[in-house]
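**Q** Got a structure for you, written out below as structure tokens; questions coming shortly.
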Amino acid sequence: MESPGPSEPVTAAPVEALSTQAKVGREVFRKYGPRLVAMFALVALPLWGFGEIAEDVAEGHPFFFDVPVLEWLHSISSPTLNALFLALSAIGYSGGVVPMDIALVVGLMLRRHPRSATFAAIAVVGSALANAAAKHLFARARPALWLSLAPETTYSFPSGHAMGSATLACVLACLAWDTRWRWPVIAVGALFTLGVGLSRAYLGVHYPSDVLAGWSAAIAWTLGVRLIAFHRGLLTGSTRV
């Protein structure tokens, strides 16, 4: 008669291993779950959003909201709004964002924060290079619904102003995350980024989808750099770089 004894450890071993793995998985999710979900929401979702927009642009598919939004913005134009959005557009890139990027990196270096300075430099330079590459890759023409107050001759997708301002805002938010200035910096950065993006559509030099793509790419790139290349304390609660 065969003895059932030797078969018991063979059956129990996989069950025990699965039980142990499940316990480890539960502990990891309990400890790090919220941060992992945040990583997905802040990096994967914006990246997916950019990919969806980019795919339609590459295939030449129009976005149903692009022209109606531009026409509506043009319909509410006024001298006051013209001055406001021209100013926002000017400081949204070479007249404000780029000098602020340089000042931020230099300031961090002078204050002896090399990791933060390196993070900021990689984020802003990489964002600019990615934007230039994407513009030439997709070669999307600018809107031509009316004569703009600030005409542009380069390609349209994605918006460099939207991407540059969002990158700067994300960098500052990361640097301020462990300080009492976290939420004020996020609020001001979000409002500034929104204003710059809106100015580009108001002036008729970008489709709204260009702006959305710029925002998405900036968020995914900047936070991806932060979480991947400067991950010290990523799963321990500390977000200092």
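By convention in this document, the chains of the structure tokens carry letters A, B, ... by their order, each chain's residues are numbered from 1, and ligands are numbered from 1 in the order they are shown.
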How close does each residue of region 104-184 of chain A get to region 66-73 of chain A, giving the shortest atom pair and distance in Å to one decimal for every residue with an atom at most 10 Å away, counting only C-alpha atoms, sorted by chain and residue number, as a Markdown table?
**A**
| residue | atom | partner | partner_atom | distance |
| --- | --- | --- | --- | --- |
| A:Pro143 | CA | A:Val67 | CA | 8.7 |
| A:Leu145 | CA | A:Glu71 | CA | 8.0 |
| A:Trp146 | CA | A:Glu71 | CA | 9.4 |
**Q** Neighbouring residues of region 167-179 of chain A were defined as those with any atom within 8 Å, considering only C-alpha atoms; residues of the same chain fewer than 6 positions away were excluded. Please report them as a list in words.
**A**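 With the cut-off at 8 Å, the set is Val97, Asp101, Ser116, Ala120, Ala123, Val124, Ser127, Val185, Ile186, Gly189, Ala190, Thr193, Ala218, Ile219, Thr222, Leu223, Arg226, Ser238, Thr239, Arg240 and Val241 of chain A.
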**Q** Could you check how far CA of Ser156 (chain A) sits from CA of Leu84 (chain A), in Å to one decimal?
**A** 21.8 Å
**Q** When distances are computed from only C-alpha atoms, which of A:Ala162, A:Ala83, A:Leu42, A:Ile102 shows the smallest separation from Leu191 (chain A)?
**A** A:Ala162
**Q** Check the smallest atom-to-atom distance from each of A:Pro151, A:Gly160, A:Gly107, A:Gly95 to Gly204 (chain A) using only C-alpha atoms, then report the winner.
**A**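 Once distances to Gly204 (chain A) are computed over only C-alpha atoms, the minimum belongs to A:Pro151.
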**Q** Quick check for you: according to DSSP on this backbone, which residues of region 50-145 of chain A are classed as alpha helix (DSSP H)? Reply as a ChimeraX atom specification.
**A** /A:50-59,66-75,79-91,97-110,114-138
**Q** Mind dumping the selected residues with C-alpha atoms as a PDB file, in the first residue's frame?
**A**
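The file below, again26.pdb, is the result:
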ATOM      1  CA  PHE A  50       0.119  62.601 -24.262  1.00  0.00           C
ATOM      2  CA  GLY A  51       0.336  59.353 -26.210  1.00  0.00           C
ATOM      3  CA  GLU A  52      -3.363  59.416 -27.066  1.00  0.00           C
ATOM      4  CA  ILE A  53      -3.199  62.999 -28.318  1.00  0.00           C
ATOM      5  CA  ALA A  54       0.049  62.391 -30.196  1.00  0.00           C
ATOM      6  CA  GLU A  55      -1.377  59.350 -31.952  1.00  0.00           C
ATOM      7  CA  ASP A  56      -4.338  61.312 -33.292  1.00  0.00           C
ATOM      8  CA  VAL A  57      -2.080  64.178 -34.368  1.00  0.00           C
ATOM      9  CA  ALA A  58       0.220  61.757 -36.195  1.00  0.00           C
ATOM     10  CA  GLU A  59      -2.752  60.211 -37.992  1.00  0.00           C
ATOM     11  CA  ASP A  66      -9.951  72.513 -31.010  1.00  0.00           C
ATOM     12  CA  VAL A  67     -11.659  74.884 -33.446  1.00  0.00           C
ATOM     13  CA  PRO A  68     -14.764  75.631 -31.309  1.00  0.00           C
ATOM     14  CA  VAL A  69     -12.603  76.575 -28.315  1.00  0.00           C
ATOM     15  CA  LEU A  70     -10.385  78.812 -30.442  1.00  0.00           C
ATOM     16  CA  GLU A  71     -13.379  80.502 -32.033  1.00  0.00           C
ATOM     17  CA  TRP A  72     -14.997  81.099 -28.652  1.00  0.00           C
ATOM     18  CA  LEU A  73     -11.805  82.591 -27.214  1.00  0.00           C
ATOM     19  CA  HIS A  74     -11.494  84.867 -30.221  1.00  0.00           C
ATOM     20  CA  SER A  75     -15.115  85.942 -29.838  1.00  0.00           C
ATOM     21  CA  PRO A  79      -8.046  95.187 -25.520  1.00  0.00           C
ATOM     22  CA  THR A  80      -7.790  94.234 -21.847  1.00  0.00           C
ATOM     23  CA  LEU A  81      -7.628  90.511 -22.556  1.00  0.00           C
ATOM     24  CA  ASN A  82      -5.217  91.139 -25.408  1.00  0.00           C
ATOM     25  CA  ALA A  83      -2.809  92.913 -23.062  1.00  0.00           C
ATOM     26  CA  LEU A  84      -3.212  90.263 -20.353  1.00  0.00           C
ATOM     27  CA  PHE A  85      -2.606  87.273 -22.583  1.00  0.00           C
ATOM     28  CA  LEU A  86       0.219  88.928 -24.505  1.00  0.00           C
ATOM     29  CA  ALA A  87       1.949  89.507 -21.167  1.00  0.00           C
ATOM     30  CA  LEU A  88       1.317  85.925 -20.002  1.00  0.00           C
ATOM     31  CA  SER A  89       2.588  84.584 -23.301  1.00  0.00           C
ATOM     32  CA  ALA A  90       5.728  86.702 -23.065  1.00  0.00           C
ATOM     33  CA  ILE A  91       6.647  85.588 -19.547  1.00  0.00           C
ATOM     34  CA  VAL A  97      10.270  80.949 -17.686  1.00  0.00           C
ATOM     35  CA  VAL A  98      13.681  80.459 -19.298  1.00  0.00           C
ATOM     36  CA  PRO A  99      15.423  83.105 -17.113  1.00  0.00           C
ATOM     37  CA  MET A 100      13.691  81.628 -14.068  1.00  0.00           C
ATOM     38  CA  ASP A 101      14.936  78.150 -15.026  1.00  0.00           C
ATOM     39  CA  ILE A 102      18.499  79.435 -15.247  1.00  0.00           C
ATOM     40  CA  ALA A 103      18.221  81.416 -12.017  1.00  0.00           C
ATOM     41  CA  LEU A 104      16.794  78.404 -10.197  1.00  0.00           C
ATOM     42  CA  VAL A 105      19.611  76.061 -11.233  1.00  0.00           C
ATOM     43  CA  VAL A 106      22.337  78.632 -10.531  1.00  0.00           C
ATOM     44  CA  GLY A 107      20.754  79.550  -7.205  1.00  0.00           C
ATOM     45  CA  LEU A 108      20.604  75.927  -6.085  1.00  0.00           C
ATOM     46  CA  MET A 109      24.234  75.434  -7.071  1.00  0.00           C
ATOM     47  CA  LEU A 110      25.346  78.533  -5.165  1.00  0.00           C
ATOM     48  CA  PRO A 114      23.852  69.793  -6.023  1.00  0.00           C
ATOM     49  CA  ARG A 115      21.188  67.077  -6.207  1.00  0.00           C
ATOM     50  CA  SER A 116      18.387  69.619  -6.452  1.00  0.00           C
ATOM     51  CA  ALA A 117      20.329  71.667  -9.004  1.00  0.00           C
ATOM     52  CA  THR A 118      21.003  68.572 -11.105  1.00  0.00           C
ATOM     53  CA  PHE A 119      17.357  67.509 -10.928  1.00  0.00           C
ATOM     54  CA  ALA A 120      16.156  70.969 -11.988  1.00  0.00           C
ATOM     55  CA  ALA A 121      18.692  71.165 -14.823  1.00  0.00           C
ATOM     56  CA  ILE A 122      17.819  67.724 -16.210  1.00  0.00           C
ATOM     57  CA  ALA A 123      14.102  68.439 -15.946  1.00  0.00           C
ATOM     58  CA  VAL A 124      14.093  71.801 -17.735  1.00  0.00           C
ATOM     59  CA  VAL A 125      16.740  71.008 -20.360  1.00  0.00           C
ATOM     60  CA  GLY A 126      15.242  67.606 -21.095  1.00  0.00           C
ATOM     61  CA  SER A 127      11.791  69.130 -21.405  1.00  0.00           C
ATOM     62  CA  ALA A 128      13.029  71.729 -23.900  1.00  0.00           C
ATOM     63  CA  LEU A 129      14.851  69.116 -25.976  1.00  0.00           C
ATOM     64  CA  ALA A 130      11.850  66.781 -25.939  1.00  0.00           C
ATOM     65  CA  ASN A 131       9.586  69.603 -27.055  1.00  0.00           C
ATOM     66  CA  ALA A 132      11.875  70.561 -29.940  1.00  0.00           C
ATOM     67  CA  ALA A 133      12.134  66.928 -31.046  1.00  0.00           C
ATOM     68  CA  ALA A 134       8.374  66.405 -30.871  1.00  0.00           C
ATOM     69  CA  LYS A 135       7.667  69.555 -32.889  1.00  0.00           C
ATOM     70  CA  HIS A 136       9.855  68.336 -35.746  1.00  0.00           C
ATOM     71  CA  LEU A 137       8.596  64.773 -35.466  1.00  0.00           C
ATOM     72  CA  PHE A 138       4.907  65.667 -35.746  1.00  0.00           C
TER      73      PHE A 138
END
**Q** For CA of Arg180 (chain A) and CA of Gly92 (chain A), quote the distance in Å rounded to one decimal.
**A**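 Value for the CA of Arg180 (chain A)-CA of Gly92 (chain A) distance: 25.9 Å.
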**Q** At a cut-off of 10 Å, using only C-alpha atoms, what residues contact Phe65 (chain A)? Leave out same-chain residues fewer than 6 positions from it and give the result as a list in words.
**A**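 Selected residues are Tyr207, Pro208 and Ser209 of chain A.
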**Q** Quick one: of A:Arg142, A:His206, A:Arg182, A:His161, who's nearest to Gly96 (chain A), counting only C-alpha atoms?
**A**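 Among the listed residues, the smallest separation from Gly96 (chain A) belongs to A:His161.
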**Q** How many Å separate CA of Arg111 (chain A) from CA of Met163 (chain A)?
**A**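 CA of Arg111 (chain A) sits 27.0 Å away from CA of Met163 (chain A).
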**Q** Would you kindly return, as a count of residues only, each protein, DNA or RNA residue with an atom no farther than 7 Å from any atom of Leu203 (chain A), considering only C-alpha atoms and excluding same-chain residues fewer than 3 positions away?
**A** 5
